[in-house]
Amino acid sequence: VNYKDILSDNDYNTPKHRLPHCIIIGMRKGGTRALLQFLNLHPNIQVSSKEVHYFDRNDHFFQGISWYRKNLPLSYGDQITIEKTPGYFHSDKSPERIFRMNSTIKLILLVRDPIERAMSDHLQLMDKRSRMNLETTSFEEKVLKDNGDVNDNYKPIQRSVYYQFMRHWLRFFQLEQIMIVDGKNLTKNPFEVAQKVEAFLGLEHKISKDSFVFDRTKGFFCIKNETTGHKCLNRTKGRKHPEVDEEVLAKLKKYFEPYNKIFFEQIGQKFDW
Ligand code: A3P
């Protein structure tokens, strides 16, 4: 397949399934759904509401690029198509596969405190289990081994060791191509983040500050809608996090600290975690 052909657009005014110009690659629980919904307010952005999982799933990937395209939304030539699959960040095949499709693509990575991210990931897994009527386990029990060490076999812990995944991305992409977004800032200042992303994508500032309303009950910003009041993300986004046992917290902090340091060096930025 000649990807370059598929990418060149001479059919400007026809709605077509276009390949993405930007992918929100993760991370899982970083605030990816919220960012996607906010960016969808821009008239020159078309988002894929579903997670396509093309690059991280062999059963999808081996169906080829035409399968990917078909699973992306219709858009016009003056629109940027954005897909988000937070699993891409954690999959070691995705960077090379994305690079081979489009080496100049723009990527967005939402980052979050690894302990909070792990908790959020854990709560999501437990939610899934309880919906299947399976028993659930507390965070504390899951993140420590019997001997009291941090359980590095637990997926939510593994997925919070960011540098291990980031390495693969930096083998293929320039750091300038990857916009790192602080997930915490997205929860506090969604408008500010939206403006930064507009600039990163080379778009005019068209997302309005008035579109964001803070919902006190939800505790998060929601999107204003003239007819229906405002729309918040569903209850699976913005779950209440139980407090973590102090000792466990201290162990996790110590565990992640050196890994965070490497990650900060990789991305040339520091966060307060
Ligand atoms: P929690 O449920 O742990 O609070 P993702 O969409 O990548 O799975 O990320 C989910 C996280 O998005 C939520 O994690 C929440 O903290 C964050 N988030 C950021 N802005 C939000 C918003 N406006 N509404 C709901 N959740 C938001």
# chains A, B, ... in the order shown; residues from 1 in each chain; ligands from 1

call {"tool": "residues_around", "arguments": {"residues": "Lys106 of chain A", "least_positions_apart": "6", "cutoff": "9 Å", "atoms": "only C-alpha atoms", "output": "list in words"}}
result
His21, Cys22, Ile23, Ile24, Glu176, Gln177, Ile178, Met179, Phe200 and Leu201 of chain A

call {"tool": "write_last_selection", "arguments": {"atoms": "C-alpha atoms", "output": "short mmCIF file (atom, residue, chain, number, x, y, z; two decimals), in the first residue's frame"}}
result
data_model
loop_
_atom_site.label_atom_id
_atom_site.label_comp_id
_atom_site.auth_asym_id
_atom_site.auth_seq_id
_atom_site.Cartn_x
_atom_site.Cartn_y
_atom_site.Cartn_z
CA HIS A 21 -3.46 13.63 11.21
CA CYS A 22 -3.14 13.28 14.93
CA ILE A 23 -3.45 10.41 17.37
CA ILE A 24 -4.00 10.63 21.10
CA GLU A 176 8.58 17.82 19.01
CA GLN A 177 6.06 15.57 17.33
CA ILE A 178 4.68 14.38 20.64
CA MET A 179 2.71 16.89 22.67
CA PHE A 200 0.12 22.34 18.34
CA LEU A 201 -2.16 21.25 15.50
#

call {"tool": "residues_near_ligand", "arguments": {"ligand": "ligand 1", "cutoff": "9 Å", "atoms": "only C-alpha atoms and all ligand atoms", "output": "number ranges by chain"}}
result
A: 26-38, 85-86, 110, 116-121, 123-124, 183-188, 190, 212, 214, 218-223, 232-241

call {"tool": "write_last_selection", "arguments": {"atoms": "C-alpha atoms", "output": "tab-separated table (two decimals), in the first residue's frame"}}
result
chain	number	residue	atom	x	y	z
A	26	GLY	CA	-2.54	7.57	25.68
A	27	MET	CA	-2.05	7.08	28.33
A	28	ARG	CA	-4.81	4.90	29.66
A	29	LYS	CA	-6.67	6.89	32.35
A	30	GLY	CA	-4.82	10.07	31.46
A	31	GLY	CA	-7.98	11.98	30.55
A	32	THR	CA	-8.06	10.90	26.91
A	33	ARG	CA	-11.85	10.84	26.58
A	34	ALA	CA	-12.21	14.32	28.06
A	35	LEU	CA	-9.57	15.78	25.76
A	36	LEU	CA	-11.14	14.15	22.71
A	37	GLN	CA	-14.58	15.52	23.59
A	38	PHE	CA	-13.17	18.99	24.13
A	85	THR	CA	-6.66	4.68	21.57
A	86	PRO	CA	-4.90	4.94	24.93
A	110	LEU	CA	-1.67	12.75	28.34
A	116	GLU	CA	-3.17	8.00	40.61
A	117	ARG	CA	-3.10	6.47	37.15
A	118	ALA	CA	-2.57	3.01	38.62
A	119	MET	CA	-5.47	3.53	41.02
A	120	SER	CA	-7.71	4.71	38.20
A	121	ASP	CA	-6.67	1.73	36.07
A	123	LEU	CA	-10.79	0.88	39.63
A	124	GLN	CA	-11.65	0.41	35.97
A	183	GLY	CA	-3.74	15.32	32.71
A	184	LYS	CA	-4.13	17.20	35.97
A	185	ASN	CA	-4.10	20.49	34.11
A	186	LEU	CA	-6.77	19.14	31.79
A	187	THR	CA	-9.07	18.59	34.76
A	188	LYS	CA	-8.40	22.09	36.11
A	190	PRO	CA	-9.52	22.45	30.03
A	212	PHE	CA	-16.73	24.78	29.54
A	214	PHE	CA	-17.71	23.33	35.97
A	218	LYS	CA	-19.46	15.84	39.15
A	219	GLY	CA	-16.40	17.78	40.26
A	220	PHE	CA	-15.23	18.20	36.67
A	221	PHE	CA	-15.68	20.49	33.72
A	222	CYS	CA	-18.45	19.58	31.32
A	223	ILE	CA	-19.45	20.87	27.91
A	232	CYS	CA	-20.60	15.65	31.35
A	233	LEU	CA	-18.64	12.50	30.63
A	234	ASN	CA	-20.34	9.38	31.93
A	235	ARG	CA	-19.90	8.07	35.45
A	236	THR	CA	-16.94	5.88	34.55
A	237	LYS	CA	-14.90	9.05	33.96
A	238	GLY	CA	-14.09	10.82	37.18
A	239	ARG	CA	-14.52	8.00	39.67
A	240	LYS	CA	-14.01	8.68	43.36
A	241	HIS	CA	-10.63	7.32	44.39

call {"tool": "atom_distance", "arguments": {"atom1": "atom CA of Asp245 of chain A", "atom2": "atom CA of Lys142 of chain A"}}
result
12.6 Å

call {"tool": "closest_residue", "arguments": {"among": "A:Gln46, A:Gln164, A:Ser94, A:Asn153", "to": "Ser75 of chain A", "atoms": "only C-alpha atoms"}}
result
A:Gln46

call {"tool": "residues_around", "arguments": {"residues": "Phe165 of chain A", "least_positions_apart": "3", "cutoff": "12 Å", "atoms": "only C-alpha atoms", "output": "list in words"}}
result
Ile25, Gly26, Met27, Gly87, Tyr88, Phe89, His90, Ser91, Asp92, Lys93, Ser94, Pro95, Leu109, Gln158, Arg159, Ser160, Val161, Tyr162, His168, Trp169, Leu170, Arg171, Tyr259, Ile262, Phe263 and Gln266 of chain A

call {"tool": "write_last_selection", "arguments": {"atoms": "N, CA and C atoms", "output": "PDB file, in the first residue's frame"}}
result
ATOM      1  N   ILE A  25      -2.323   9.018  21.778  1.00  0.00           N
ATOM      2  CA  ILE A  25      -1.803   7.654  21.974  1.00  0.00           C
ATOM      3  C   ILE A  25      -1.975   7.154  23.400  1.00  0.00           C
ATOM      4  N   GLY A  26      -2.370   8.017  24.290  1.00  0.00           N
ATOM      5  CA  GLY A  26      -2.543   7.570  25.681  1.00  0.00           C
ATOM      6  C   GLY A  26      -2.401   8.739  26.614  1.00  0.00           C
ATOM      7  N   MET A  27      -2.084   8.437  27.833  1.00  0.00           N
ATOM      8  CA  MET A  27      -2.049   7.085  28.326  1.00  0.00           C
ATOM      9  C   MET A  27      -3.405   6.694  28.881  1.00  0.00           C
ATOM     10  N   GLY A  87      -4.489   2.595  24.536  1.00  0.00           N
ATOM     11  CA  GLY A  87      -3.678   1.384  24.599  1.00  0.00           C
ATOM     12  C   GLY A  87      -2.433   1.471  23.720  1.00  0.00           C
ATOM     13  N   TYR A  88      -2.419   2.377  22.753  1.00  0.00           N
ATOM     14  CA  TYR A  88      -1.248   2.484  21.871  1.00  0.00           C
ATOM     15  C   TYR A  88       0.017   2.770  22.673  1.00  0.00           C
ATOM     16  N   PHE A  89      -0.102   3.670  23.635  1.00  0.00           N
ATOM     17  CA  PHE A  89       1.099   4.039  24.390  1.00  0.00           C
ATOM     18  C   PHE A  89       1.774   2.820  24.999  1.00  0.00           C
ATOM     19  N   HIS A  90       0.963   1.906  25.492  1.00  0.00           N
ATOM     20  CA  HIS A  90       1.503   0.755  26.200  1.00  0.00           C
ATOM     21  C   HIS A  90       1.812  -0.441  25.296  1.00  0.00           C
ATOM     22  N   SER A  91       1.665  -0.267  24.015  1.00  0.00           N
ATOM     23  CA  SER A  91       1.927  -1.394  23.119  1.00  0.00           C
ATOM     24  C   SER A  91       3.231  -1.140  22.360  1.00  0.00           C
ATOM     25  N   ASP A  92       4.148  -2.109  22.417  1.00  0.00           N
ATOM     26  CA  ASP A  92       5.462  -1.819  21.830  1.00  0.00           C
ATOM     27  C   ASP A  92       5.474  -1.901  20.307  1.00  0.00           C
ATOM     28  N   LYS A  93       4.421  -2.432  19.701  1.00  0.00           N
ATOM     29  CA  LYS A  93       4.369  -2.489  18.237  1.00  0.00           C
ATOM     30  C   LYS A  93       3.863  -1.175  17.645  1.00  0.00           C
ATOM     31  N   SER A  94       3.054  -0.451  18.409  1.00  0.00           N
ATOM     32  CA  SER A  94       2.369   0.725  17.854  1.00  0.00           C
ATOM     33  C   SER A  94       3.288   1.806  17.287  1.00  0.00           C
ATOM     34  N   PRO A  95       4.369   2.177  17.997  1.00  0.00           N
ATOM     35  CA  PRO A  95       5.183   3.270  17.459  1.00  0.00           C
ATOM     36  C   PRO A  95       5.659   3.023  16.031  1.00  0.00           C
ATOM     37  N   LEU A 109       0.171  12.860  24.057  1.00  0.00           N
ATOM     38  CA  LEU A 109       0.254  11.933  25.182  1.00  0.00           C
ATOM     39  C   LEU A 109      -0.149  12.663  26.461  1.00  0.00           C
ATOM     40  N   GLN A 158       2.553  -1.978  36.138  1.00  0.00           N
ATOM     41  CA  GLN A 158       3.423  -2.018  34.947  1.00  0.00           C
ATOM     42  C   GLN A 158       3.161  -0.843  34.017  1.00  0.00           C
ATOM     43  N   ARG A 159       1.891  -0.544  33.827  1.00  0.00           N
ATOM     44  CA  ARG A 159       1.535   0.515  32.872  1.00  0.00           C
ATOM     45  C   ARG A 159       1.881   1.909  33.380  1.00  0.00           C
ATOM     46  N   SER A 160       2.265   1.994  34.663  1.00  0.00           N
ATOM     47  CA  SER A 160       2.657   3.297  35.205  1.00  0.00           C
ATOM     48  C   SER A 160       4.169   3.519  35.168  1.00  0.00           C
ATOM     49  N   VAL A 161       4.898   2.527  34.665  1.00  0.00           N
ATOM     50  CA  VAL A 161       6.345   2.697  34.510  1.00  0.00           C
ATOM     51  C   VAL A 161       6.562   3.284  33.110  1.00  0.00           C
ATOM     52  N   TYR A 162       6.336   4.583  33.024  1.00  0.00           N
ATOM     53  CA  TYR A 162       6.216   5.234  31.719  1.00  0.00           C
ATOM     54  C   TYR A 162       7.442   5.154  30.828  1.00  0.00           C
ATOM     55  N   HIS A 168      10.230   3.274  23.303  1.00  0.00           N
ATOM     56  CA  HIS A 168       9.846   2.793  21.971  1.00  0.00           C
ATOM     57  C   HIS A 168       9.387   3.934  21.075  1.00  0.00           C
ATOM     58  N   TRP A 169       8.660   4.886  21.666  1.00  0.00           N
ATOM     59  CA  TRP A 169       8.151   6.017  20.871  1.00  0.00           C
ATOM     60  C   TRP A 169       9.294   6.902  20.404  1.00  0.00           C
ATOM     61  N   LEU A 170      10.271   7.084  21.301  1.00  0.00           N
ATOM     62  CA  LEU A 170      11.372   7.982  20.957  1.00  0.00           C
ATOM     63  C   LEU A 170      12.350   7.351  19.959  1.00  0.00           C
ATOM     64  N   ARG A 171      12.249   6.074  19.768  1.00  0.00           N
ATOM     65  CA  ARG A 171      13.065   5.444  18.724  1.00  0.00           C
ATOM     66  C   ARG A 171      12.575   5.861  17.347  1.00  0.00           C
ATOM     67  N   TYR A 259      11.863   5.679  38.170  1.00  0.00           N
ATOM     68  CA  TYR A 259      11.292   5.522  36.826  1.00  0.00           C
ATOM     69  C   TYR A 259      10.761   6.862  36.309  1.00  0.00           C
ATOM     70  N   ILE A 262      13.612   9.013  34.990  1.00  0.00           N
ATOM     71  CA  ILE A 262      14.040   8.692  33.624  1.00  0.00           C
ATOM     72  C   ILE A 262      13.035   9.259  32.618  1.00  0.00           C
ATOM     73  N   PHE A 263      11.767   9.119  32.961  1.00  0.00           N
ATOM     74  CA  PHE A 263      10.723   9.612  32.058  1.00  0.00           C
ATOM     75  C   PHE A 263      10.845  11.133  31.876  1.00  0.00           C
ATOM     76  N   GLN A 266      13.539  11.854  29.553  1.00  0.00           N
ATOM     77  CA  GLN A 266      13.141  11.529  28.172  1.00  0.00           C
ATOM     78  C   GLN A 266      12.321  12.649  27.547  1.00  0.00           C
TER      79      GLN A 266
END

call {"tool": "residues_around", "arguments": {"residues": "His60 of chain A", "least_positions_apart": "6", "cutoff": "12 Å", "atoms": "only C-alpha atoms", "output": "MDAnalysis selection string"}}
result
chainID A and resid 51:54 66:71

call {"tool": "write_last_selection", "arguments": {"atoms": "N, CA and C atoms", "output": "compact mmCIF listing (two decimals), in the first residue's frame"}}
result
# COMPACT_ATOMS: atom_id res chain seq x y z
N GLU A 51 -12.65 3.90 20.12
CA GLU A 51 -11.22 3.57 20.11
C GLU A 51 -11.03 2.50 19.05
N VAL A 52 -10.22 2.81 18.05
CA VAL A 52 -10.14 1.90 16.91
C VAL A 52 -9.22 0.70 17.18
N HIS A 53 -8.20 0.87 18.03
CA HIS A 53 -7.28 -0.23 18.34
C HIS A 53 -6.72 -0.88 17.09
N TYR A 54 -6.29 -0.07 16.16
CA TYR A 54 -5.74 -0.63 14.92
C TYR A 54 -4.28 -1.06 15.10
N SER A 66 -6.84 -0.14 4.82
CA SER A 66 -8.20 0.19 4.36
C SER A 66 -9.22 -0.12 5.47
N TRP A 67 -8.94 -1.12 6.25
CA TRP A 67 -9.80 -1.43 7.41
C TRP A 67 -9.76 -0.26 8.39
N TYR A 68 -8.54 0.23 8.62
CA TYR A 68 -8.37 1.35 9.55
C TYR A 68 -9.18 2.55 9.07
N ARG A 69 -9.01 2.85 7.79
CA ARG A 69 -9.69 4.01 7.23
C ARG A 69 -11.20 3.88 7.35
N LYS A 70 -11.70 2.71 7.08
CA LYS A 70 -13.15 2.49 7.16
C LYS A 70 -13.67 2.69 8.57
N ASN A 71 -12.80 2.44 9.53
CA ASN A 71 -13.22 2.56 10.92
C ASN A 71 -13.00 3.95 11.50

call {"tool": "select_by_dssp", "arguments": {"residues": "segment 87-263 of chain A", "states": "strand (DSSP E)", "output": "list in words"}}
result
Lys106, Leu107, Ile108, Leu109, Leu110, Val111, Ile178, Met179, Ile180, Val181, Asp182, Phe212, Val213, Phe214, Asp215, Phe220, Phe221, Cys222, Ile223, Lys224, Asn225, Gly229, His230 and Lys231 of chain A

call {"tool": "write_last_selection", "arguments": {"atoms": "N, CA and C atoms", "output": "PDB file, in the first residue's frame"}}
result
ATOM      1  N   LYS A 106       1.210  13.907  14.074  1.00  0.00           N
ATOM      2  CA  LYS A 106       1.316  14.519  15.403  1.00  0.00           C
ATOM      3  C   LYS A 106       0.686  13.591  16.443  1.00  0.00           C
ATOM      4  N   LEU A 107       1.375  13.490  17.557  1.00  0.00           N
ATOM      5  CA  LEU A 107       0.904  12.601  18.618  1.00  0.00           C
ATOM      6  C   LEU A 107       0.656  13.396  19.895  1.00  0.00           C
ATOM      7  N   ILE A 108      -0.342  12.999  20.631  1.00  0.00           N
ATOM      8  CA  ILE A 108      -0.610  13.636  21.920  1.00  0.00           C
ATOM      9  C   ILE A 108      -0.570  12.570  23.001  1.00  0.00           C
ATOM     10  N   LEU A 109       0.171  12.860  24.057  1.00  0.00           N
ATOM     11  CA  LEU A 109       0.254  11.933  25.182  1.00  0.00           C
ATOM     12  C   LEU A 109      -0.149  12.663  26.461  1.00  0.00           C
ATOM     13  N   LEU A 110      -1.240  12.204  27.051  1.00  0.00           N
ATOM     14  CA  LEU A 110      -1.668  12.753  28.337  1.00  0.00           C
ATOM     15  C   LEU A 110      -0.983  11.991  29.442  1.00  0.00           C
ATOM     16  N   VAL A 111      -0.363  12.697  30.353  1.00  0.00           N
ATOM     17  CA  VAL A 111       0.345  12.023  31.436  1.00  0.00           C
ATOM     18  C   VAL A 111      -0.335  12.321  32.776  1.00  0.00           C
ATOM     19  N   ILE A 178       5.542  14.934  19.595  1.00  0.00           N
ATOM     20  CA  ILE A 178       4.683  14.384  20.640  1.00  0.00           C
ATOM     21  C   ILE A 178       4.352  15.489  21.640  1.00  0.00           C
ATOM     22  N   MET A 179       3.099  15.877  21.698  1.00  0.00           N
ATOM     23  CA  MET A 179       2.711  16.886  22.668  1.00  0.00           C
ATOM     24  C   MET A 179       2.393  16.177  23.983  1.00  0.00           C
ATOM     25  N   ILE A 180       3.112  16.566  25.017  1.00  0.00           N
ATOM     26  CA  ILE A 180       2.872  15.975  26.328  1.00  0.00           C
ATOM     27  C   ILE A 180       1.892  16.890  27.073  1.00  0.00           C
ATOM     28  N   VAL A 181       0.782  16.340  27.485  1.00  0.00           N
ATOM     29  CA  VAL A 181      -0.240  17.140  28.165  1.00  0.00           C
ATOM     30  C   VAL A 181      -0.400  16.641  29.593  1.00  0.00           C
ATOM     31  N   ASP A 182      -0.365  17.569  30.528  1.00  0.00           N
ATOM     32  CA  ASP A 182      -0.552  17.229  31.931  1.00  0.00           C
ATOM     33  C   ASP A 182      -2.047  16.963  32.188  1.00  0.00           C
ATOM     34  N   PHE A 212     -17.035  25.611  28.377  1.00  0.00           N
ATOM     35  CA  PHE A 212     -16.727  24.779  29.541  1.00  0.00           C
ATOM     36  C   PHE A 212     -17.469  25.264  30.786  1.00  0.00           C
ATOM     37  N   VAL A 213     -18.195  24.367  31.398  1.00  0.00           N
ATOM     38  CA  VAL A 213     -18.832  24.719  32.673  1.00  0.00           C
ATOM     39  C   VAL A 213     -18.413  23.710  33.726  1.00  0.00           C
ATOM     40  N   PHE A 214     -18.115  24.228  34.892  1.00  0.00           N
ATOM     41  CA  PHE A 214     -17.715  23.333  35.975  1.00  0.00           C
ATOM     42  C   PHE A 214     -18.966  22.793  36.661  1.00  0.00           C
ATOM     43  N   ASP A 215     -19.079  21.487  36.731  1.00  0.00           N
ATOM     44  CA  ASP A 215     -20.226  20.860  37.377  1.00  0.00           C
ATOM     45  C   ASP A 215     -19.811  20.471  38.802  1.00  0.00           C
ATOM     46  N   PHE A 220     -16.040  18.037  37.886  1.00  0.00           N
ATOM     47  CA  PHE A 220     -15.231  18.195  36.670  1.00  0.00           C
ATOM     48  C   PHE A 220     -15.893  19.196  35.729  1.00  0.00           C
ATOM     49  N   PHE A 221     -15.115  19.631  34.754  1.00  0.00           N
ATOM     50  CA  PHE A 221     -15.678  20.489  33.716  1.00  0.00           C
ATOM     51  C   PHE A 221     -16.499  19.647  32.742  1.00  0.00           C
ATOM     52  N   CYS A 222     -17.585  20.247  32.283  1.00  0.00           N
ATOM     53  CA  CYS A 222     -18.450  19.581  31.323  1.00  0.00           C
ATOM     54  C   CYS A 222     -18.652  20.534  30.158  1.00  0.00           C
ATOM     55  N   ILE A 223     -19.286  20.041  29.111  1.00  0.00           N
ATOM     56  CA  ILE A 223     -19.446  20.867  27.910  1.00  0.00           C
ATOM     57  C   ILE A 223     -20.830  21.489  27.852  1.00  0.00           C
ATOM     58  N   LYS A 224     -20.825  22.795  27.688  1.00  0.00           N
ATOM     59  CA  LYS A 224     -22.081  23.541  27.634  1.00  0.00           C
ATOM     60  C   LYS A 224     -22.821  23.223  26.334  1.00  0.00           C
ATOM     61  N   ASN A 225     -24.114  23.083  26.496  1.00  0.00           N
ATOM     62  CA  ASN A 225     -24.938  22.832  25.313  1.00  0.00           C
ATOM     63  C   ASN A 225     -26.183  23.698  25.430  1.00  0.00           C
ATOM     64  N   GLY A 229     -28.610  22.054  28.280  1.00  0.00           N
ATOM     65  CA  GLY A 229     -27.891  22.429  29.495  1.00  0.00           C
ATOM     66  C   GLY A 229     -26.423  22.137  29.309  1.00  0.00           C
ATOM     67  N   HIS A 230     -25.884  21.141  29.983  1.00  0.00           N
ATOM     68  CA  HIS A 230     -24.502  20.769  29.681  1.00  0.00           C
ATOM     69  C   HIS A 230     -24.307  19.265  29.786  1.00  0.00           C
ATOM     70  N   LYS A 231     -23.263  18.821  29.118  1.00  0.00           N
ATOM     71  CA  LYS A 231     -23.043  17.389  29.029  1.00  0.00           C
ATOM     72  C   LYS A 231     -21.712  17.015  29.684  1.00  0.00           C
TER      73      LYS A 231
END

call {"tool": "select_by_dssp", "arguments": {"residues": "segment 10-220 of chain A", "states": "alpha helix (DSSP H)", "output": "PyMOL selection string"}}
result
chain A and resi 32-39+58-61+65-70+94-101+114-131+139-143+155-158+162-172+183-188+190-200

call {"tool": "write_last_selection", "arguments": {"atoms": "C-alpha atoms", "output": "mmCIF file, in the first residue's frame"}}
result
data_model
loop_
_atom_site.group_PDB
_atom_site.id
_atom_site.type_symbol
_atom_site.label_atom_id
_atom_site.label_comp_id
_atom_site.auth_asym_id
_atom_site.auth_seq_id
_atom_site.Cartn_x
_atom_site.Cartn_y
_atom_site.Cartn_z
ATOM 1 C CA THR A 32 -8.059 10.901 26.908
ATOM 2 C CA ARG A 33 -11.848 10.841 26.576
ATOM 3 C CA ALA A 34 -12.212 14.316 28.060
ATOM 4 C CA LEU A 35 -9.568 15.780 25.759
ATOM 5 C CA LEU A 36 -11.135 14.153 22.706
ATOM 6 C CA GLN A 37 -14.577 15.522 23.588
ATOM 7 C CA PHE A 38 -13.173 18.994 24.125
ATOM 8 C CA LEU A 39 -11.284 18.965 20.824
ATOM 9 C CA ASN A 58 -2.892 -7.798 15.387
ATOM 10 C CA ASP A 59 -6.363 -8.984 14.400
ATOM 11 C CA HIS A 60 -7.121 -5.403 13.359
ATOM 12 C CA PHE A 61 -3.719 -4.428 12.053
ATOM 13 C CA ILE A 65 -4.880 0.218 6.231
ATOM 14 C CA SER A 66 -8.202 0.187 4.363
ATOM 15 C CA TRP A 67 -9.803 -1.426 7.413
ATOM 16 C CA TYR A 68 -8.366 1.346 9.552
ATOM 17 C CA ARG A 69 -9.691 4.005 7.227
ATOM 18 C CA LYS A 70 -13.150 2.487 7.157
ATOM 19 C CA SER A 94 2.369 0.725 17.854
ATOM 20 C CA PRO A 95 5.183 3.270 17.459
ATOM 21 C CA GLU A 96 6.766 1.593 14.451
ATOM 22 C CA ARG A 97 3.425 0.821 12.849
ATOM 23 C CA ILE A 98 2.246 4.414 13.203
ATOM 24 C CA PHE A 99 5.584 5.675 11.926
ATOM 25 C CA ARG A 100 5.317 3.513 8.823
ATOM 26 C CA MET A 101 1.873 4.922 8.092
ATOM 27 C CA PRO A 114 1.656 7.108 38.082
ATOM 28 C CA ILE A 115 0.075 6.234 41.427
ATOM 29 C CA GLU A 116 -3.175 7.997 40.609
ATOM 30 C CA ARG A 117 -3.105 6.471 37.154
ATOM 31 C CA ALA A 118 -2.570 3.009 38.621
ATOM 32 C CA MET A 119 -5.472 3.531 41.019
ATOM 33 C CA SER A 120 -7.709 4.706 38.197
ATOM 34 C CA ASP A 121 -6.669 1.730 36.075
ATOM 35 C CA HIS A 122 -7.333 -0.588 39.014
ATOM 36 C CA LEU A 123 -10.793 0.883 39.629
ATOM 37 C CA GLN A 124 -11.650 0.412 35.973
ATOM 38 C CA LEU A 125 -10.532 -3.234 36.051
ATOM 39 C CA MET A 126 -12.515 -3.850 39.245
ATOM 40 C CA ASP A 127 -15.574 -2.190 37.743
ATOM 41 C CA LYS A 128 -15.351 -4.548 34.832
ATOM 42 C CA ARG A 129 -15.058 -7.511 37.169
ATOM 43 C CA SER A 130 -18.038 -6.510 39.236
ATOM 44 C CA ARG A 131 -20.119 -6.094 36.088
ATOM 45 C CA PHE A 139 -5.896 -1.608 45.526
ATOM 46 C CA GLU A 140 -3.636 -2.286 48.503
ATOM 47 C CA GLU A 141 -3.997 -6.030 48.131
ATOM 48 C CA LYS A 142 -3.318 -5.928 44.418
ATOM 49 C CA VAL A 143 -0.307 -3.632 44.358
ATOM 50 C CA LYS A 155 -0.839 -4.461 34.963
ATOM 51 C CA PRO A 156 -1.874 -1.123 36.508
ATOM 52 C CA ILE A 157 1.586 -0.947 38.119
ATOM 53 C CA GLN A 158 3.423 -2.018 34.947
ATOM 54 C CA TYR A 162 6.216 5.234 31.719
ATOM 55 C CA TYR A 163 9.828 5.316 30.621
ATOM 56 C CA GLN A 164 9.686 1.727 29.420
ATOM 57 C CA PHE A 165 6.998 2.587 26.911
ATOM 58 C CA MET A 166 8.328 6.021 26.033
ATOM 59 C CA ARG A 167 11.610 4.485 24.865
ATOM 60 C CA HIS A 168 9.846 2.793 21.971
ATOM 61 C CA TRP A 169 8.151 6.017 20.871
ATOM 62 C CA LEU A 170 11.372 7.982 20.957
ATOM 63 C CA ARG A 171 13.065 5.444 18.724
ATOM 64 C CA PHE A 172 10.723 6.543 15.940
ATOM 65 C CA GLY A 183 -3.740 15.316 32.712
ATOM 66 C CA LYS A 184 -4.128 17.204 35.970
ATOM 67 C CA ASN A 185 -4.097 20.486 34.108
ATOM 68 C CA LEU A 186 -6.769 19.141 31.792
ATOM 69 C CA THR A 187 -9.066 18.591 34.759
ATOM 70 C CA LYS A 188 -8.395 22.092 36.106
ATOM 71 C CA PRO A 190 -9.524 22.445 30.028
ATOM 72 C CA PHE A 191 -9.761 25.672 28.046
ATOM 73 C CA GLU A 192 -6.062 26.393 28.476
ATOM 74 C CA VAL A 193 -5.192 22.867 27.352
ATOM 75 C CA ALA A 194 -7.547 23.098 24.374
ATOM 76 C CA GLN A 195 -5.827 26.295 23.272
ATOM 77 C CA LYS A 196 -2.417 24.692 23.491
ATOM 78 C CA VAL A 197 -3.572 21.732 21.435
ATOM 79 C CA GLU A 198 -5.086 24.034 18.804
ATOM 80 C CA ALA A 199 -1.674 25.692 18.495
ATOM 81 C CA PHE A 200 0.122 22.337 18.336
#

call {"tool": "closest_residue", "arguments": {"among": "A:Val47, A:Asn260, A:Glu243, A:Leu252", "to": "Leu74 of chain A", "atoms": "only C-alpha atoms"}}
result
A:Val47

call {"tool": "closest_residue", "arguments": {"among": "A:Lys145, A:Lys270, A:Glu83, A:Lys16", "to": "Lys50 of chain A", "atoms": "only C-alpha atoms"}}
result
A:Glu83

call {"tool": "atom_distance", "arguments": {"atom1": "atom CA of Ser49 of chain A", "atom2": "atom CA of Asn13 of chain A"}}
result
22.0 Å

call {"tool": "atom_distance", "arguments": {"atom1": "atom CA of Glu204 of chain A", "atom2": "atom CA of Leu41 of chain A"}}
result
12.6 Å
